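Student: File name data-v5.txt; file contents compact mmCIF, C-alpha atoms; full text below.
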```
# COMPACT_ATOMS: atom_id res chain seq x y z
CA MET L 1 -20.50 6.39 9.53
CA ALA L 2 -19.25 6.33 5.95
CA ALA L 3 -21.02 8.53 3.40
CA ALA L 4 -23.80 6.98 1.31
CA GLY L 5 -23.34 6.01 -2.33
CA PRO L 6 -20.57 4.13 -4.17
CA ALA L 7 -17.04 4.49 -2.84
CA GLU L 8 -14.70 6.57 -5.00
CA VAL L 9 -11.57 4.78 -3.74
CA VAL L 10 -11.66 1.05 -2.99
CA VAL L 11 -8.63 -0.55 -1.35
CA VAL L 12 -8.12 -4.31 -1.49
CA GLY L 13 -5.35 -5.11 0.93
CA SER L 14 -3.90 -5.62 4.34
CA CYS L 15 -4.53 -4.64 7.93
CA MET L 16 -1.71 -4.95 10.44
CA THR L 17 -1.61 -4.19 14.13
CA ASP L 18 1.66 -2.31 14.63
CA LEU L 19 3.70 -3.16 17.73
CA VAL L 20 6.17 -0.28 17.79
CA SER L 21 9.33 0.14 19.88
CA LEU L 22 11.31 3.39 19.79
CA THR L 23 15.08 3.17 20.36
CA THR L 24 18.13 5.39 19.95
CA ARG L 25 19.55 2.98 17.37
CA LEU L 26 18.60 -0.25 15.63
CA PRO L 27 19.95 -3.45 17.25
CA LYS L 28 22.60 -5.56 15.56
CA ALA L 29 21.98 -9.25 14.88
CA GLY L 30 21.66 -11.13 18.16
CA GLU L 31 21.81 -7.95 20.25
CA THR L 32 19.35 -6.86 22.95
CA ILE L 33 19.03 -3.13 23.55
CA HIS L 34 16.77 -0.91 25.65
CA GLY L 35 14.01 1.09 24.00
CA HIS L 36 12.46 4.22 25.48
CA LYS L 37 8.84 3.98 24.25
CA PHE L 38 6.34 1.35 23.10
CA PHE L 39 2.91 1.75 21.55
CA ILE L 40 0.35 -0.20 19.52
CA GLY L 41 -0.98 1.35 16.32
CA PHE L 42 -3.03 0.61 13.22
CA GLY L 43 -0.99 -0.28 10.14
CA GLY L 44 -0.83 -2.45 7.05
CA LYS L 45 -0.09 -1.01 3.62
CA GLY L 46 -3.68 -1.36 2.43
CA ALA L 47 -5.30 0.13 5.51
CA ASN L 48 -2.75 2.98 5.60
CA GLN L 49 -3.58 3.88 2.02
CA CYS L 50 -7.32 3.65 2.63
CA ILE L 51 -7.28 5.86 5.71
CA GLN L 52 -4.97 8.41 4.08
CA ALA L 53 -7.30 8.62 1.06
CA ALA L 54 -10.24 9.16 3.41
CA ARG L 55 -8.39 11.93 5.24
CA LEU L 56 -7.66 13.58 1.89
CA GLY L 57 -11.41 13.71 1.29
CA ALA L 58 -12.18 10.60 -0.75
CA LYS L 59 -15.18 8.38 -0.07
CA THR L 60 -13.40 5.11 0.67
CA LEU L 61 -14.12 1.43 1.23
CA MET L 62 -11.80 -1.30 2.51
CA ILE L 63 -11.88 -4.95 1.39
CA CYS L 64 -9.79 -6.98 3.83
CA LYS L 65 -9.81 -9.71 6.46
CA VAL L 66 -8.93 -9.54 10.15
CA GLY L 67 -9.00 -12.07 12.95
CA LYS L 68 -11.94 -12.55 15.28
CA ASP L 69 -9.83 -11.18 18.13
CA SER L 70 -9.31 -7.96 20.06
CA PHE L 71 -6.96 -6.52 17.42
CA GLY L 72 -9.54 -7.26 14.71
CA ASN L 73 -12.37 -5.68 16.69
CA ASP L 74 -10.24 -2.59 17.32
CA TYR L 75 -9.39 -2.33 13.63
CA ILE L 76 -13.04 -2.36 12.57
CA GLU L 77 -13.78 0.42 15.06
CA ASN L 78 -10.81 2.39 13.73
CA PHE L 79 -12.18 2.22 10.18
CA LYS L 80 -15.56 3.44 11.41
CA ARG L 81 -13.96 6.35 13.27
CA ASN L 82 -12.28 7.38 10.02
CA GLY L 83 -15.53 7.25 8.04
CA ILE L 84 -14.57 4.16 6.04
CA SER L 85 -17.16 1.57 5.03
CA THR L 86 -16.60 -1.78 6.78
CA GLU L 87 -19.19 -3.72 4.77
CA PHE L 88 -16.45 -5.90 3.30
CA VAL L 89 -14.12 -6.14 6.28
CA GLY L 90 -14.34 -9.85 7.10
CA GLN L 91 -13.44 -11.54 10.38
CA THR L 92 -12.14 -15.08 10.65
CA GLU L 93 -11.46 -17.49 13.50
CA ASP L 94 -8.89 -19.35 11.38
CA ALA L 95 -6.04 -16.86 11.83
CA ALA L 96 -5.05 -13.91 13.99
CA THR L 97 -5.19 -10.33 12.79
CA GLY L 98 -1.99 -9.49 10.90
CA ALA L 99 0.75 -7.98 13.03
CA ALA L 100 3.91 -5.99 12.42
CA SER L 101 6.79 -5.73 14.90
CA ILE L 102 8.52 -2.40 14.26
CA ILE L 103 11.67 -0.83 15.68
CA VAL L 104 12.27 2.86 14.96
CA ASN L 105 15.53 4.69 15.75
CA ARG L 106 16.03 8.36 16.59
CA GLU L 107 16.63 9.23 12.91
CA GLY L 108 13.23 7.78 12.02
CA GLN L 109 14.64 4.73 10.21
CA ASN L 110 13.02 1.40 10.94
CA VAL L 111 13.13 -2.37 10.64
CA ILE L 112 9.88 -4.32 10.32
CA VAL L 113 8.82 -7.97 10.60
CA ILE L 114 5.26 -8.77 9.53
CA VAL L 115 3.09 -11.82 10.18
CA ALA L 116 0.29 -11.61 7.61
CA GLY L 117 -2.16 -13.84 9.50
CA ALA L 118 -5.78 -13.27 8.44
CA ASN L 119 -4.67 -11.12 5.49
CA LEU L 120 -3.71 -14.28 3.58
CA LEU L 121 -7.23 -15.67 3.96
CA LEU L 122 -8.83 -12.94 1.86
CA ASP L 123 -10.05 -14.91 -1.16
CA SER L 124 -11.98 -14.88 -4.43
CA GLU L 125 -15.31 -15.28 -2.67
CA ASP L 126 -14.62 -12.08 -0.73
CA LEU L 127 -13.96 -10.28 -4.01
CA LYS L 128 -17.13 -11.64 -5.58
CA ARG L 129 -19.19 -10.33 -2.67
CA ALA L 130 -17.60 -6.90 -3.17
CA ALA L 131 -17.68 -6.96 -6.99
CA ASN L 132 -20.36 -4.28 -7.27
CA ALA L 133 -18.35 -1.86 -5.10
CA ILE L 134 -15.15 -2.59 -7.03
CA CYS L 135 -16.76 -2.08 -10.43
CA LYS L 136 -18.44 1.21 -9.42
CA ALA L 137 -15.30 2.74 -7.90
CA LYS L 138 -13.25 5.49 -9.53
CA VAL L 139 -9.93 4.11 -8.28
CA ILE L 140 -8.83 0.76 -6.85
CA ILE L 141 -5.58 0.33 -4.91
CA CYS L 142 -3.80 -2.99 -4.29
CA GLN L 143 -0.51 -4.17 -2.75
CA LEU L 144 1.19 -7.50 -1.92
CA GLU L 145 0.56 -8.01 1.80
CA ILE L 146 -2.36 -10.27 0.84
CA ALA L 147 -2.10 -13.27 -1.50
CA PRO L 148 -0.71 -11.89 -4.80
CA ALA L 149 -3.28 -13.86 -6.82
CA ILE L 150 -6.08 -12.04 -5.00
CA SER L 151 -4.52 -8.62 -5.62
CA LEU L 152 -4.20 -9.48 -9.30
CA GLU L 153 -7.78 -10.74 -9.46
CA ALA L 154 -9.02 -7.49 -7.94
CA LEU L 155 -6.96 -5.39 -10.38
CA LYS L 156 -8.25 -7.37 -13.35
CA MET L 157 -11.85 -7.08 -12.16
CA ALA L 158 -11.51 -3.31 -11.84
CA TYR L 159 -9.49 -2.83 -15.04
CA SER L 160 -12.02 -4.74 -17.16
CA ASN L 161 -14.74 -2.41 -15.88
CA GLY L 162 -12.90 0.81 -16.65
CA VAL L 163 -11.86 1.54 -13.07
CA LYS L 164 -8.48 3.28 -12.62
CA THR L 165 -6.01 0.82 -11.08
CA LEU L 166 -3.13 1.73 -8.80
CA PHE L 167 -0.68 -0.97 -7.71
CA ASN L 168 1.98 -0.73 -5.00
CA PRO L 169 4.22 -3.86 -5.34
CA ALA L 170 5.13 -4.06 -1.68
CA PRO L 171 6.64 -6.19 -0.36
CA ALA L 172 8.16 -6.80 -3.79
CA HIS L 173 8.40 -10.23 -5.44
CA ALA L 174 11.24 -10.76 -7.93
CA GLU L 175 9.06 -13.07 -10.04
CA LEU L 176 6.03 -10.80 -10.18
CA ASP L 177 3.27 -12.02 -12.50
CA PRO L 178 3.59 -9.96 -15.74
CA GLN L 179 -0.15 -9.25 -15.64
CA PHE L 180 0.41 -6.87 -12.73
CA TYR L 181 2.20 -4.51 -15.11
CA THR L 182 -0.40 -4.64 -17.86
CA HIS L 183 -3.32 -4.14 -15.45
CA SER L 184 -1.83 -1.18 -13.54
CA ASP L 185 -2.71 2.34 -14.68
CA ILE L 186 -0.31 3.60 -12.00
CA PHE L 187 2.56 1.45 -10.75
CA CYS L 188 4.20 2.93 -7.64
CA CYS L 189 7.33 1.43 -6.02
CA ASN L 190 10.24 2.57 -3.88
CA GLU L 191 13.98 2.14 -4.54
CA SER L 192 14.38 -1.32 -3.02
CA GLU L 193 11.22 -2.63 -4.67
CA ALA L 194 12.39 -1.20 -7.99
CA GLU L 195 15.71 -3.06 -7.71
CA ILE L 196 14.02 -6.34 -6.80
CA LEU L 197 11.69 -6.06 -9.77
CA THR L 198 14.21 -4.92 -12.39
CA GLY L 199 17.70 -5.74 -11.07
CA ILE L 200 18.65 -2.06 -11.42
CA PRO L 201 20.12 -0.53 -8.21
CA VAL L 202 18.50 2.85 -7.56
CA GLY L 203 20.84 5.44 -6.09
CA SER L 204 19.74 8.51 -8.01
CA PRO L 205 16.83 9.99 -9.98
CA GLU L 206 18.61 8.90 -13.15
CA ASP L 207 18.56 5.27 -11.97
CA ALA L 208 14.87 5.62 -11.14
CA GLY L 209 14.25 6.84 -14.66
CA LYS L 210 15.91 3.71 -16.05
CA VAL L 211 13.64 1.58 -13.85
CA GLY L 212 10.62 3.49 -15.11
CA LEU L 213 11.53 2.81 -18.73
CA VAL L 214 11.86 -0.92 -18.02
CA LEU L 215 8.47 -1.00 -16.30
CA LEU L 216 6.83 0.89 -19.17
CA GLU L 217 8.20 -1.75 -21.53
CA ARG L 218 6.51 -4.39 -19.34
CA GLY L 219 3.15 -2.75 -19.90
CA CYS L 220 2.69 -0.11 -17.16
CA LYS L 221 0.91 3.11 -18.14
CA LEU L 222 2.45 5.42 -15.54
CA VAL L 223 5.31 4.61 -13.16
CA ILE L 224 6.21 6.41 -9.94
CA VAL L 225 9.49 5.49 -8.22
CA THR L 226 9.66 7.04 -4.76
CA LEU L 227 13.07 8.15 -3.49
CA GLY L 228 12.50 9.05 0.15
CA ALA L 229 13.98 12.46 0.92
CA GLU L 230 14.79 12.91 -2.79
CA GLY L 231 11.13 12.93 -3.80
CA CYS L 232 10.14 10.72 -6.72
CA VAL L 233 10.54 10.13 -10.44
CA MET L 234 7.52 9.86 -12.73
CA ILE L 235 7.36 8.51 -16.26
CA SER L 236 4.41 7.52 -18.43
CA VAL L 237 3.47 6.24 -21.86
CA ASP L 238 2.25 9.75 -22.73
CA GLU L 239 5.35 11.46 -21.24
CA PRO L 240 8.22 8.96 -21.72
CA ILE L 241 10.92 11.33 -20.46
CA PRO L 242 11.51 10.76 -16.72
CA LYS L 243 10.51 13.70 -14.50
CA HIS L 244 12.13 14.17 -11.10
CA VAL L 245 9.79 15.72 -8.52
CA PRO L 246 11.86 16.88 -5.49
CA ALA L 247 10.48 16.57 -1.97
CA GLY L 248 10.27 19.37 0.56
CA LYS L 249 12.70 19.24 3.46
CA VAL L 250 11.21 17.83 6.66
CA ARG L 251 12.50 16.27 9.87
CA ALA L 252 11.73 12.55 9.78
CA VAL L 253 9.92 11.36 12.91
CA ASP L 254 8.86 7.89 11.75
CA THR L 255 9.11 6.54 8.19
CA THR L 256 6.95 3.48 8.94
CA VAL L 257 3.86 4.73 7.09
CA CYS L 258 5.74 6.55 4.31
CA PHE L 259 5.11 3.35 2.31
CA CYS L 260 4.25 5.20 -0.84
CA GLY L 261 2.79 8.58 -0.06
CA LEU L 262 2.10 9.30 -3.72
CA THR L 263 -0.05 6.18 -3.91
CA VAL L 264 -3.04 8.02 -2.50
CA LEU L 265 -2.26 11.62 -3.45
CA PRO L 266 -3.32 11.44 -7.14
CA TRP L 267 -6.89 10.26 -6.47
CA LYS L 268 -8.60 13.65 -7.01
CA ARG L 269 -6.86 14.05 -10.36
CA LEU L 270 -7.79 10.49 -11.33
CA LEU L 271 -11.46 11.12 -10.60
CA LYS L 272 -11.51 13.83 -13.28
CA HIS L 273 -10.52 11.40 -16.07
```
What is this file in C-alpha cells?

Tutor:
Amino acid sequence: MAAAGPAEVVVVGSCMTDLVSLTTRLPKAGETIHGHKFFIGFGGKGANQCIQAARLGAKTLMICKVGKDSFGNDYIENFKRNGISTEFVGQTEDAATGAASIIVNREGQNVIVIVAGANLLLDSEDLKRAANAICKAKVIICQLEIAPAISLEALKMAYSNGVKTLFNPAPAHAELDPQFYTHSDIFCCNESEAEILTGIPVGSPEDAGKVGLVLLERGCKLVIVTLGAEGCVMISVDEPIPKHVPAGKVRAVDTTVCFCGLTVLPWKRLLKH
C-alpha cells in the first residue's frame, strides 16, 4: 500500500508492457534472426519514472490509463507492489494496454516500436479528477507517450499552483508547442531529442551546451541534455554557462529504461525549494 498523505512526486504519463527479445545483434531491414531470450516486463516512460522515484524514496502517484485486459491488471498490481498509489490509474475497454516491442543486442543497444493504445485515451476529465493530487504535489513529471495536449494541460495545472514541473520531451516532436518550454522548470532530453527540437546535431558536450542555450531562449528554466556514456550537460537561467557532468564507467546490460535517468534523480533537491 502507498503511504498516506499527498504524493510528493506525481507522474502523468504512459504505461507500456515491454515485449523484449535479446539477440547478439540487431536485425537489418527485412531480416529474420534468432534471439536467445524473451521476457515480458513493465515499461513506459511515465511508469519507469514513477517507479524509479518511488525506489529512490519519494511518495509517488501515477496518473495514467491502461486497458481492461491482463496486461492492464498486471500493471496495476505492479504499481501496488512498488508502493505507488493507483487511485488515478484508469482502465478502459476501448483500447489495449500500451505495448512496446523491444530488441536488445549484446552491447545493450536497442530498437523499440511502441503502440500507445490506452495511453492516448487519458484525457482532461482524468486530470480534473486528479487535480487535487496534482496541485498538492512537490514535483510533477510529464512526457510525450500520451496525447501532448494532456501533458501540457497537466504541466500548466501544476505550474499555476506553484508545483515544480519536470518535462521529458520523449518521443520528441519537431513542432513542440512553445508552452512546453515556458511551463517546464526542468527540461530533460537526450541527444536525438535535442536535435529534433533544435536542429542542432549533438556529438559532444559542447553541442549539448548550444542546445541548452537555445532551449533557455525558448523559456526553459533549467535544461539537462543527457549524453549516454558521456553523462549530461546542465544549463540554467541562474547558471547560463553549460556544465558537463561526466558519468561513471559501467558495463551496459540494457539501455531500454535509461530514458532519462536524471529525470527522477533531482526530486529530493527539488523538495527543499

Student: So that each row is one residue of range 42-66 of chain L with an atom at most 9 Å from range 13-21 of chain L, can you give its shortest atom pair and the distance in Å to one decimal, using all atoms listed in the file, rows by chain and rising number, as JSON lines?

Tutor:
```
{"residue": "L:Phe42", "atom": "CA", "partner": "L:Thr17", "partner_atom": "CA", "distance": 5.1}
{"residue": "L:Gly43", "atom": "CA", "partner": "L:Met16", "partner_atom": "CA", "distance": 4.7}
{"residue": "L:Gly44", "atom": "CA", "partner": "L:Met16", "partner_atom": "CA", "distance": 4.3}
{"residue": "L:Lys45", "atom": "CA", "partner": "L:Ser14", "partner_atom": "CA", "distance": 6.0}
{"residue": "L:Gly46", "atom": "CA", "partner": "L:Gly13", "partner_atom": "CA", "distance": 4.4}
{"residue": "L:Ala47", "atom": "CA", "partner": "L:Cys15", "partner_atom": "CA", "distance": 5.4}
{"residue": "L:Asn48", "atom": "CA", "partner": "L:Cys15", "partner_atom": "CA", "distance": 8.2}
{"residue": "L:Met62", "atom": "CA", "partner": "L:Gly13", "partner_atom": "CA", "distance": 7.7}
{"residue": "L:Ile63", "atom": "CA", "partner": "L:Gly13", "partner_atom": "CA", "distance": 6.5}
{"residue": "L:Cys64", "atom": "CA", "partner": "L:Gly13", "partner_atom": "CA", "distance": 5.6}
{"residue": "L:Lys65", "atom": "CA", "partner": "L:Cys15", "partner_atom": "CA", "distance": 7.5}
{"residue": "L:Val66", "atom": "CA", "partner": "L:Cys15", "partner_atom": "CA", "distance": 6.9}
```

Student: Given the choices L:Thr97, L:Gln109, L:Asn82, L:Ser151, which gets closest to Arg55 in chain L if the distance is worked out from only C-alpha atoms?

Tutor: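 Ranked by minimum distance to Arg55 in chain L, first place goes to L:Asn82.
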
Student: Between CA of Cys142 in chain L and CA of Ala247 in chain L, what is the distance in Å, rounded to a tenth?

Tutor: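 Result for CA of Cys142 in chain L versus CA of Ala247 in chain L: 24.3 Å, one decimal.
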
Student: What gap, in Å, lies between CA of Val225 in chain L and CA of Thr165 in chain L?

Tutor: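 Atom-to-atom, CA of Val225 in chain L to CA of Thr165 in chain L, that is 16.4 Å.
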
Student: Please list as a PyMOL selection string every residue within 7 Å of Ala133 in chain L, counting only C-alpha atoms and excluding residues in the same chain fewer than 4 positions away.

Tutor: chain L and resi 6-7+137

Student: Looking at all atoms listed in the file, which of L:Ala208, L:Ala29, L:Val139, L:Leu213 is the one that sits closest to Val245 in chain L?

Tutor: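 That would be L:Ala208, the residue with the smallest distance to Val245 in chain L.
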
Student: Using only C-alpha atoms, find all polymer residues with an atom at most 12 Å away from the point (18.4, 1.7, 17.8); report them as a ChimeraX atom specification.

Tutor: /L:21-29,31-37,102-111

Student: Pick the closest to Asp123 in chain L from L:Gly98, L:Gly162, L:Gly248, L:Gly90: which is it, counting only C-alpha atoms?

Tutor: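 Going through L:Gly98, L:Gly162, L:Gly248, L:Gly90 one by one, the smallest distance to Asp123 in chain L is for L:Gly90.
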
Student: Please enclose the listed atoms of range 141-147 of chain L in an axis-aligned box, pad each side by 8 Å, and write out the centre and the three edge lengths in Å, rounded to one decimal, as lines of an AutoDock Vina configuration file.

Tutor:
```
center_x = -2.2
center_y = -6.5
center_z = -1.6
size_x = 22.8
size_y = 29.6
size_z = 22.7
```

Student: Rounded to one decimal, what separation in Å do you get between CA of Ser85 in chain L and CA of Ile140 in chain L?

Tutor: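 CA of Ser85 in chain L sits 14.5 Å away from CA of Ile140 in chain L.
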
Student: Identify which of the residues L:Gly83, L:Ile150, L:Gly67, L:Leu176 lies closest to Ala118 in chain L, counting only C-alpha atoms when measuring atom-to-atom distances.

Tutor: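 Checking each of L:Gly83, L:Ile150, L:Gly67, L:Leu176 against Ala118 in chain L, counting only C-alpha atoms, the winner is L:Gly67.
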
Student: Quick one: residues within 12 Å of (-15.8, 0.3, -4.0) (file frame), counting all atoms listed in the file, please, as a ChimeraX atom specification.

Tutor: /L:4-12,50,58-63,84-88,127,129-141,154,157-158,163-164

Student: Which one is closest to Pro171 in chain L: L:Asp74, L:Glu217, L:Glu191, L:Asp94? Count all atoms listed in the file.

Tutor: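 Smallest separation from Pro171 in chain L among the options: L:Glu191.
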